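*Asks:* Just passing along the structure, written as structure tokens.
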Amino acid sequence: MIVNLAERPGASDPAALSGAGPQPQTGIGSGISIRDAVKRYGSFAAADHISLDIRPGEFVTLLGPSGSGKTTLLNLLAGFQQLNAGEILVDGKAIHNVPVHKRGFGMVFQSYALFPNMTVAQNVAFPMRMAGLDRATSDRRVHETLEMMRLTEHAQKMPSEMSGGQQQRVAIARSIVMRPRVVLMDEPLSALDRRLRESIQIEIREIHRTIGSTFLFVTHDQSEALTMSDRIAVMDAGKIIQVDTPDEIYRRPRNRFVASFIGESNLVEAEILRREGGALTLRTRTGHQFRAESRDEVTGRNVTVLVRPERLRLHETAMPGSIPARVRSALFLGEVLRIEVELDSGEVMLVRCPDRAGQVLPDPGSEVHVSWGAEDGWVLA
Ligand code: ATP
């Protein structure tokens, strides 16, 4: 999303942008507890009874489609928006009545929002000036932070002399120069090209490890969320659907929405025949039996099973437990082959196989057999 700082309540206060507020607790992030938070615009709930606990020093990403409420939740925490119900606690203390600039959070938005008439060093020093820190401390901290962001050689440049990626690194430097307890980032990399985004993602992770603040990061880019986060909160329609580590979210999504939003997914309709704890035996619509895993909360007889494309195997001849299929398309993508097959049920499955010496792309229309292991099928709730 495009954030226009001038439109944000409180954004006219420069201190609010920069984490100038209470003195930081050096290197120690805050614990954040969002409890049953509701934010309505008229009758529409942009945050619909959201609860989320973030551990001190954790890196949590809010991930979801456009309009799912990510920015709303971040703004509630920042203080740009007020709750209609519920509460937000930081280190156990309610922050509803604390104004934006007194929360002492570092913030970075998609637009770099640098002061155009100040040098890079002056921009980064700004929060320290606002907080009235002495010159020696300020100079030392600015120097350290510029080093951390590999900006030292640009210290005396004006923002207009810097590329988009460099300007955003200055904005990030400014947000952490006070070593705030909490750093909030709203789609900070979405204006940058892919390679630059990937390199700044790594820098942000390193900063997080170095300073130990609690980070709350908003993106709608799933690979960014998977790369950067300790945990991801997947949002849809003002609610958090699942909060988990990146591998849990990818391998064991709670439902169809999470499975489809993150990564590519094959969804197979099946009937449960037997259940032994989390291990299930199922039957496809075409009568083929296979096994898969599930959480205990999965109930009912007819379910949807997720199999990620890289977990599927293709065979030229039938194997025990394999399912016959016909190739619809086959593409060579460099490191992987991307093959679409259609089962007799009409269900289409995507297979991604790593490129191997001597591997030949199957012809469209040819008969193949697909299989997957018990641990490769995941039953969705
Ligand atoms: P995006 O990725 O597009 O930025 P988002 O997940 O950050 O989306 P929000 O900006 O939090 O979504 O918006 C959530 C919902 O609340 C949207 O439907 C949006 O139209 C609505 N909304 C946000 N701000 C306001 C407002 N000031 N007045 C009315 N509706 C609003």
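Each chain in the structure tokens gets a letter, A, B, ..., in the order shown, and its residues are numbered from 1; ligands are numbered from 1 in order too.
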Mind listing the strand (DSSP E) residues of range 45-176 of chain A, per DSSP on the backbone, as JSON, numbers by chain?
*Replies:* {"A": [45, 46, 47, 48, 49, 50, 51, 52, 53, 54, 59, 60, 61, 62, 63, 85, 86, 87, 88, 89, 90, 93, 94, 106, 107, 108]}
*Asks:* List the neighbours of Thr317 in chain A out to 8 Å using only C-alpha atoms; skip same-chain residues closer than 2 positions along the sequence, and give me the result as number ranges by chain.
*Replies:* A: 315, 319, 368-369
*Asks:* Residues as selected, C-alpha atoms, written as a short mmCIF file (atom, residue, chain, number, x, y, z; two decimals), in the first residue's frame, can you do that?
*Replies:*
data_model
loop_
_atom_site.label_atom_id
_atom_site.label_comp_id
_atom_site.auth_asym_id
_atom_site.auth_seq_id
_atom_site.Cartn_x
_atom_site.Cartn_y
_atom_site.Cartn_z
CA HIS A 315 6.37 -42.06 -12.66
CA MET A 319 3.75 -47.81 -8.62
CA VAL A 368 1.89 -40.78 -16.21
CA HIS A 369 1.38 -41.80 -12.57
#
*Asks:* What residues of the protein or nucleic acid chains come within 9 Å of ligand 1 when you use only C-alpha atoms and all ligand atoms? Reply as a PyMOL selection string.
*Replies:* chain A and resi 1-3+39-42+44-47+62-75+81+186-187+218-220+235-238
*Asks:* Determine, using only C-alpha atoms, which residues of range 58-95 of chain A have any atom at most 6 Å from an atom of range 27-35 of chain A, and tabulate each with its shortest atom pair and distance in Å to one decimal place, rows ordered by chain and then rising number, as CSV.
*Replies:*
residue,atom,partner,partner_atom,distance
A:Gly86,CA,A:Arg35,CA,5.6
A:Glu87,CA,A:Arg35,CA,5.3
A:Ile88,CA,A:Ile34,CA,4.5
A:Leu89,CA,A:Ser33,CA,5.0
A:Val90,CA,A:Ile32,CA,4.6
A:Asp91,CA,A:Gly31,CA,5.0
*Asks:* Might you pull out every residue within 7 Å of range 171-177 of chain A, with only C-alpha atoms counted and same-chain residues fewer than 3 positions away left off, and present them as a list in words?
*Replies:*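 My reading of the contact set: Ser18, Gly19, Gly106, Met107, Val108, Tyr112, Leu114, Asn123, Val124, Arg141, Val142, Thr145, Leu146, Met149, Gln167, Gln168 and Pro180 of chain A.
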*Asks:* Taking 2 positions as the minimum chain separation for residues in the same chain, which residues sit within 12 Å of Met162 in chain A when counting only C-alpha atoms? Answer as a list in words.
*Replies:* Tyr112, Leu114, Pro116, Thr119, Val120, Leu151, Glu153, His154, Ala155, Gln156, Lys157, Met158, Pro159, Ser160, Gly164, Gly165, Gln166, Gln167, Gln168, Arg169, Val170 and Ala171 of chain A
*Asks:* Please list as a VMD selection string every residue within 8 Å of Arg352 in chain A, counting only C-alpha atoms and excluding residues in the same chain fewer than 4 positions away.
*Replies:* chain A and resid 309 to 312 336 to 339
*Asks:* For the selection you just gave me, I'd like the residues written to a file as a CSV table (one decimal), in the first residue's frame, keeping C-alpha atoms.
*Replies:*
chain,number,residue,atom,x,y,z
A,309,PRO,CA,3.9,-29.4,-6.0
A,310,GLU,CA,7.5,-30.2,-4.9
A,311,ARG,CA,6.3,-33.2,-2.8
A,312,LEU,CA,4.6,-35.0,-5.8
A,336,VAL,CA,12.8,-27.0,-12.0
A,337,LEU,CA,10.4,-28.7,-14.4
A,338,ARG,CA,6.8,-27.5,-14.0
A,339,ILE,CA,4.3,-30.1,-15.1
*Asks:* Each residue of range 314-338 of chain A with at least one atom at most 12 Å from range 275-298 of chain A should appear once, together with its nearest atom pair and the corresponding distance in Å (one decimal); atoms considered: only C-alpha atoms; ordering: chain, then increasing residue number; output as JSON lines.
*Replies:*
{"residue": "A:Pro320", "atom": "CA", "partner": "A:Phe290", "partner_atom": "CA", "distance": 10.0}
{"residue": "A:Gly321", "atom": "CA", "partner": "A:Phe290", "partner_atom": "CA", "distance": 6.4}
{"residue": "A:Ser322", "atom": "CA", "partner": "A:His288", "partner_atom": "CA", "distance": 8.1}
{"residue": "A:Ile323", "atom": "CA", "partner": "A:His288", "partner_atom": "CA", "distance": 6.7}
{"residue": "A:Pro324", "atom": "CA", "partner": "A:His288", "partner_atom": "CA", "distance": 9.5}
{"residue": "A:Ala325", "atom": "CA", "partner": "A:Thr286", "partner_atom": "CA", "distance": 11.2}
*Asks:* Go ahead and write the residues just picked, all heavy atoms, as a PDB file, in the first residue's frame.
*Replies:*
ATOM      1  N   PRO A 320       3.129 -48.833  -6.474  1.00  0.00           N
ATOM      2  CA  PRO A 320       2.162 -49.044  -5.385  1.00  0.00           C
ATOM      3  C   PRO A 320       1.685 -47.689  -4.868  1.00  0.00           C
ATOM      4  O   PRO A 320       2.495 -46.820  -4.550  1.00  0.00           O
ATOM      5  CB  PRO A 320       2.971 -49.785  -4.317  1.00  0.00           C
ATOM      6  CG  PRO A 320       4.141 -50.366  -5.050  1.00  0.00           C
ATOM      7  CD  PRO A 320       4.409 -49.481  -6.221  1.00  0.00           C
ATOM      8  N   GLY A 321       0.389 -47.493  -4.822  1.00  0.00           N
ATOM      9  CA  GLY A 321      -0.193 -46.259  -4.277  1.00  0.00           C
ATOM     10  C   GLY A 321      -0.210 -45.086  -5.244  1.00  0.00           C
ATOM     11  O   GLY A 321      -0.635 -43.988  -4.877  1.00  0.00           O
ATOM     12  N   SER A 322       0.249 -45.268  -6.475  1.00  0.00           N
ATOM     13  CA  SER A 322       0.248 -44.124  -7.401  1.00  0.00           C
ATOM     14  C   SER A 322      -1.124 -43.969  -8.060  1.00  0.00           C
ATOM     15  O   SER A 322      -1.930 -44.903  -8.061  1.00  0.00           O
ATOM     16  CB  SER A 322       1.346 -44.272  -8.452  1.00  0.00           C
ATOM     17  OG  SER A 322       1.048 -45.335  -9.339  1.00  0.00           O
ATOM     18  N   ILE A 323      -1.357 -42.802  -8.619  1.00  0.00           N
ATOM     19  CA  ILE A 323      -2.652 -42.480  -9.231  1.00  0.00           C
ATOM     20  C   ILE A 323      -2.396 -42.137 -10.704  1.00  0.00           C
ATOM     21  O   ILE A 323      -1.506 -41.323 -10.995  1.00  0.00           O
ATOM     22  CB  ILE A 323      -3.292 -41.268  -8.514  1.00  0.00           C
ATOM     23  CG1 ILE A 323      -3.472 -41.578  -7.024  1.00  0.00           C
ATOM     24  CG2 ILE A 323      -4.623 -40.892  -9.148  1.00  0.00           C
ATOM     25  CD1 ILE A 323      -4.028 -40.425  -6.214  1.00  0.00           C
ATOM     26  N   PRO A 324      -3.150 -42.742 -11.620  1.00  0.00           N
ATOM     27  CA  PRO A 324      -2.922 -42.431 -13.034  1.00  0.00           C
ATOM     28  C   PRO A 324      -3.344 -41.003 -13.376  1.00  0.00           C
ATOM     29  O   PRO A 324      -4.302 -40.478 -12.789  1.00  0.00           O
ATOM     30  CB  PRO A 324      -3.797 -43.450 -13.775  1.00  0.00           C
ATOM     31  CG  PRO A 324      -4.747 -43.983 -12.785  1.00  0.00           C
ATOM     32  CD  PRO A 324      -4.207 -43.746 -11.412  1.00  0.00           C
ATOM     33  N   ALA A 325      -2.639 -40.408 -14.304  1.00  0.00           N
ATOM     34  CA  ALA A 325      -2.932 -39.025 -14.708  1.00  0.00           C
ATOM     35  C   ALA A 325      -2.441 -38.817 -16.133  1.00  0.00           C
ATOM     36  O   ALA A 325      -1.744 -39.659 -16.687  1.00  0.00           O
ATOM     37  CB  ALA A 325      -2.224 -38.056 -13.769  1.00  0.00           C
TER      38      ALA A 325
END
*Asks:* Have a look at CA of Asp221 in chain A and CA of Glu264 in chain A and let me know their distance in Å, one decimal.
*Replies:*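 Going from CA of Asp221 in chain A over to CA of Glu264 in chain A, I get 13.5 Å.
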*Asks:* Which of these residues is nearest to Leu77 in chain A, using only C-alpha atoms: A:Phe257, A:Trp378, A:Phe126, A:Phe217?
*Replies:* A:Phe217
*Asks:* One decimal, in Å: what's the spacing between CA of Phe332 in chain A and CA of Ser223 in chain A?
*Replies:*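 Going from CA of Phe332 in chain A over to CA of Ser223 in chain A, I get 21.8 Å.
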